[in-house]
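Colleague: Would you mind keeping the following structure in view while I ask a few things?
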Amino acid sequence: MAKEVKTIGVLTSGGDAPGMNAAIRAVVRKALSQGLKVKGINQGYKGLLNEEIIDMDARSVSDTLAKGGTILYTARCSAFRTEEGQNQAAEICRKHGIDGLVVIGGDGSYAGAQKLAARGINTIGVPGTIDLDIACTDYTIGFDTAVNTAMEAIDKVRDTSTSHERCSIIEVMGRNAGYIALWCGIANGAEDILLPELYDYDEQVLINNIINNRKRGKKHHIIINAEGIGHSTSMARRIEAATGVETRATILGHMQRGGSPTCRDRVYASVMGAYAADLLAEGKTNRVVAYRDGKYVNYDIDEALAMQKSLPEYVVRVAKAMTI
């Protein structure tokens, strides 16, 4: 029999992502519309253990759609990884009357939600990460904004790279996933795209490409380097020494996590947040909201965490063809 939920909590965990506030807003207002009470938990699982818990109403989330980051803040929490911490977190939820919890974050956040579900707290995960690396979903909150931020920055670097006839290595975020690098490589017309899933660390290929392009009259060379490969500055020094072409590294860094979310991130996050609130209202637990094949769906957390994700093969082939 489905467990009746009267009060739900919402938290954001792991790295922040543009659109998280839209998801929080949707959770709060959809839950309130169904007669549920809502409590916000600041600082993720760390805040839960510290009982940083506040009552939320419709006004709590007014004028938040356009804000980047997360109004509930986020933090890493080593204590929550322990069995003692997980037991304590479940007891704190019960102490505050929280019988359902929406967790907005990535795979690590889902693993935490899974632990709370096993301890009797109904939990629903919502995919919030710029990395697009959650296997069960085609879309994660924040990716669209992050990749557009990176794309615009790379366009600007290309301008100055062309003016000085340089090679530019531009490092984008994504942890060990190459989605931001792949998309920017195509969108910005990069000459080389280095993806953690595929890169063989053969820099001689890059060196040969730069030299051959120079012989054909190319005035610049853009290399998009994924965070999972990194070492862009030392790579730039080696390439300059080997080619004689002035080479600069630009690491875009955390600017990709900030800024006002795009329309897509606002809308998808709103629907996902509302869907999570609906699932809790129905008494569901240990589920993950996802966007798959054009539909909003949900999976068991255990199933979702067991899934594997790889770069789309055809898109990779397109990217390679475009660099010719």
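Going by the structure tokens order, chains are called A, B, ..., each with residues numbered from 1, while ligands are numbered from 1 in the order shown.
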Range 37-244 of chain A: which residues are strand (DSSP E) by DSSP, as a ChimeraX atom specification?

Modeller: /A:37-41,53-56,100-105,122-127,167-172,192-194,221-226

Colleague: Limited to C-alpha atoms, could you put the picked residues into a file as a PDB file, in the first residue's frame?

Modeller:
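See out-v3.pdb below for the written result:
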```
ATOM      1  CA  LYS A  37       3.362  21.073   3.199  1.00  0.00           C
ATOM      2  CA  VAL A  38       6.877  21.797   1.915  1.00  0.00           C
ATOM      3  CA  LYS A  39      10.160  22.249   3.748  1.00  0.00           C
ATOM      4  CA  GLY A  40      13.353  23.424   2.131  1.00  0.00           C
ATOM      5  CA  ILE A  41      16.673  21.965   3.242  1.00  0.00           C
ATOM      6  CA  ILE A  53      15.337  23.159   7.483  1.00  0.00           C
ATOM      7  CA  ILE A  54      12.882  25.941   6.627  1.00  0.00           C
ATOM      8  CA  ASP A  55       9.174  26.126   5.857  1.00  0.00           C
ATOM      9  CA  MET A  56       8.430  27.072   2.261  1.00  0.00           C
ATOM     10  CA  GLY A 100       8.852  12.541   1.308  1.00  0.00           C
ATOM     11  CA  LEU A 101      11.996  14.099  -0.151  1.00  0.00           C
ATOM     12  CA  VAL A 102      12.914  15.486  -3.577  1.00  0.00           C
ATOM     13  CA  VAL A 103      16.653  15.365  -4.254  1.00  0.00           C
ATOM     14  CA  ILE A 104      17.887  17.507  -7.160  1.00  0.00           C
ATOM     15  CA  GLY A 105      21.379  16.521  -8.286  1.00  0.00           C
ATOM     16  CA  ASN A 122      10.007   8.353   0.331  1.00  0.00           C
ATOM     17  CA  THR A 123      12.523   9.820  -2.112  1.00  0.00           C
ATOM     18  CA  ILE A 124      12.422  11.054  -5.710  1.00  0.00           C
ATOM     19  CA  GLY A 125      15.526  12.141  -7.634  1.00  0.00           C
ATOM     20  CA  VAL A 126      15.554  14.921 -10.233  1.00  0.00           C
ATOM     21  CA  PRO A 127      18.550  15.109 -12.636  1.00  0.00           C
ATOM     22  CA  CYS A 167      46.344  27.873 -31.523  1.00  0.00           C
ATOM     23  CA  SER A 168      43.888  27.988 -28.617  1.00  0.00           C
ATOM     24  CA  ILE A 169      43.187  25.082 -26.279  1.00  0.00           C
ATOM     25  CA  ILE A 170      39.877  25.740 -24.538  1.00  0.00           C
ATOM     26  CA  GLU A 171      39.010  23.527 -21.588  1.00  0.00           C
ATOM     27  CA  VAL A 172      35.333  22.987 -20.800  1.00  0.00           C
ATOM     28  CA  ASP A 192      40.143  19.139 -32.721  1.00  0.00           C
ATOM     29  CA  ILE A 193      37.849  17.833 -29.957  1.00  0.00           C
ATOM     30  CA  LEU A 194      39.343  15.861 -27.072  1.00  0.00           C
ATOM     31  CA  HIS A 221      43.428  26.347 -34.604  1.00  0.00           C
ATOM     32  CA  ILE A 222      40.837  25.657 -31.913  1.00  0.00           C
ATOM     33  CA  ILE A 223      41.151  22.587 -29.686  1.00  0.00           C
ATOM     34  CA  ILE A 224      38.245  21.876 -27.327  1.00  0.00           C
ATOM     35  CA  ASN A 225      39.582  19.923 -24.359  1.00  0.00           C
ATOM     36  CA  ALA A 226      37.283  18.200 -21.863  1.00  0.00           C
TER      37      ALA A 226
END
```

Colleague: Just list the residues in range 180-297 of chain A DSSP gives alpha helix (DSSP H) on the backbone, as a PyMOL selection string.

Modeller: chain A and resi 180-187+203-215+232-243+263-281

Colleague: Can you work out which one of A:Val315, A:Leu32, A:Ala113, A:Val267 has the shortest atom-to-atom distance to Leu11 in chain A, counting only C-alpha atoms?

Modeller: A:Ala113

Colleague: Quick one: pull the distance between CA of Lys284 in chain A and CA of Asp99 in chain A, Å, one decimal.

Modeller: 11.2 Å

Colleague: Please measure the separation of CA of Thr162 in chain A and CA of His220 in chain A, giving the value in Å to one decimal.

Modeller: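 CA of His220 in chain A lies at a distance of 5.1 Å from CA of Thr162 in chain A.
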
Colleague: For Gly69 in chain A, find every residue with an atom within 6 Å (counting only C-alpha atoms), except residues of its own chain fewer than 2 positions away, and show them as a count of residues only.

Modeller: 3

Colleague: Write out as a list in words the residues lying within 8 Å of Phe80 in chain A, counting only C-alpha atoms and excluding same-chain residues fewer than 4 positions away.

Modeller: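 Answer for this query is Tyr45, Lys46, Leu49, Glu84, Gly85, Gln86, Ala89 and Gly112 of chain A.
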
Colleague: Of the candidates A:Ile121, A:Ala135, A:Ala276, A:Ala90, which one gets nearest to Ala306 in chain A if we count only C-alpha atoms?

Modeller: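 Among the listed residues, A:Ala135 lies closest to Ala306 in chain A.
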
Colleague: Could you check the closest approach to Ile180 in chain A for each of A:Ser234, A:Gln256, A:Asn298, A:Thr82 and tell me which residue wins, using only C-alpha atoms?

Modeller: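 Counting only C-alpha atoms, the residue closest to Ile180 in chain A is A:Gln256.
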
Colleague: Neighbours of Ala150 in chain A within 12 Å (only C-alpha atoms; same-chain residues fewer than 5 positions away dropped), as a CSV table (one decimal) with C-alpha atoms, in the first residue's frame?

Modeller:
```csv
chain,number,residue,atom,x,y,z
A,130,ILE,CA,25.6,20.4,-16.3
A,143,PHE,CA,23.3,21.3,-19.5
A,144,ASP,CA,21.7,23.6,-22.0
A,145,THR,CA,22.7,26.8,-20.2
A,155,ASP,CA,33.3,32.2,-30.1
A,156,LYS,CA,35.1,35.1,-28.3
A,157,VAL,CA,38.3,33.2,-27.9
A,170,ILE,CA,39.9,25.7,-24.5
A,171,GLU,CA,39.0,23.5,-21.6
A,172,VAL,CA,35.3,23.0,-20.8
A,173,MET,CA,33.7,21.3,-17.8
A,174,GLY,CA,31.9,17.9,-17.7
A,179,TYR,CA,29.1,16.0,-23.7
A,180,ILE,CA,29.9,19.7,-23.3
A,181,ALA,CA,33.1,19.3,-25.3
A,182,LEU,CA,31.4,17.4,-28.0
A,183,TRP,CA,28.5,19.9,-28.4
A,184,CYS,CA,30.9,22.9,-28.3
A,185,GLY,CA,33.3,21.2,-30.7
A,187,ALA,CA,28.8,24.3,-32.5
A,188,ASN,CA,32.1,26.3,-32.5
A,224,ILE,CA,38.2,21.9,-27.3
A,225,ASN,CA,39.6,19.9,-24.4
A,226,ALA,CA,37.3,18.2,-21.9
A,250,THR,CA,41.9,29.0,-21.7
A,251,ILE,CA,40.1,27.2,-18.9
A,252,LEU,CA,36.4,28.3,-18.8
A,253,GLY,CA,35.8,26.8,-15.4
A,254,HIS,CA,32.9,27.5,-13.1
A,255,MET,CA,31.4,30.3,-15.3
A,256,GLN,CA,29.7,27.4,-17.1
A,257,ARG,CA,27.7,26.7,-13.9
A,258,GLY,CA,26.4,30.2,-13.4
A,259,GLY,CA,24.1,32.6,-15.2
```
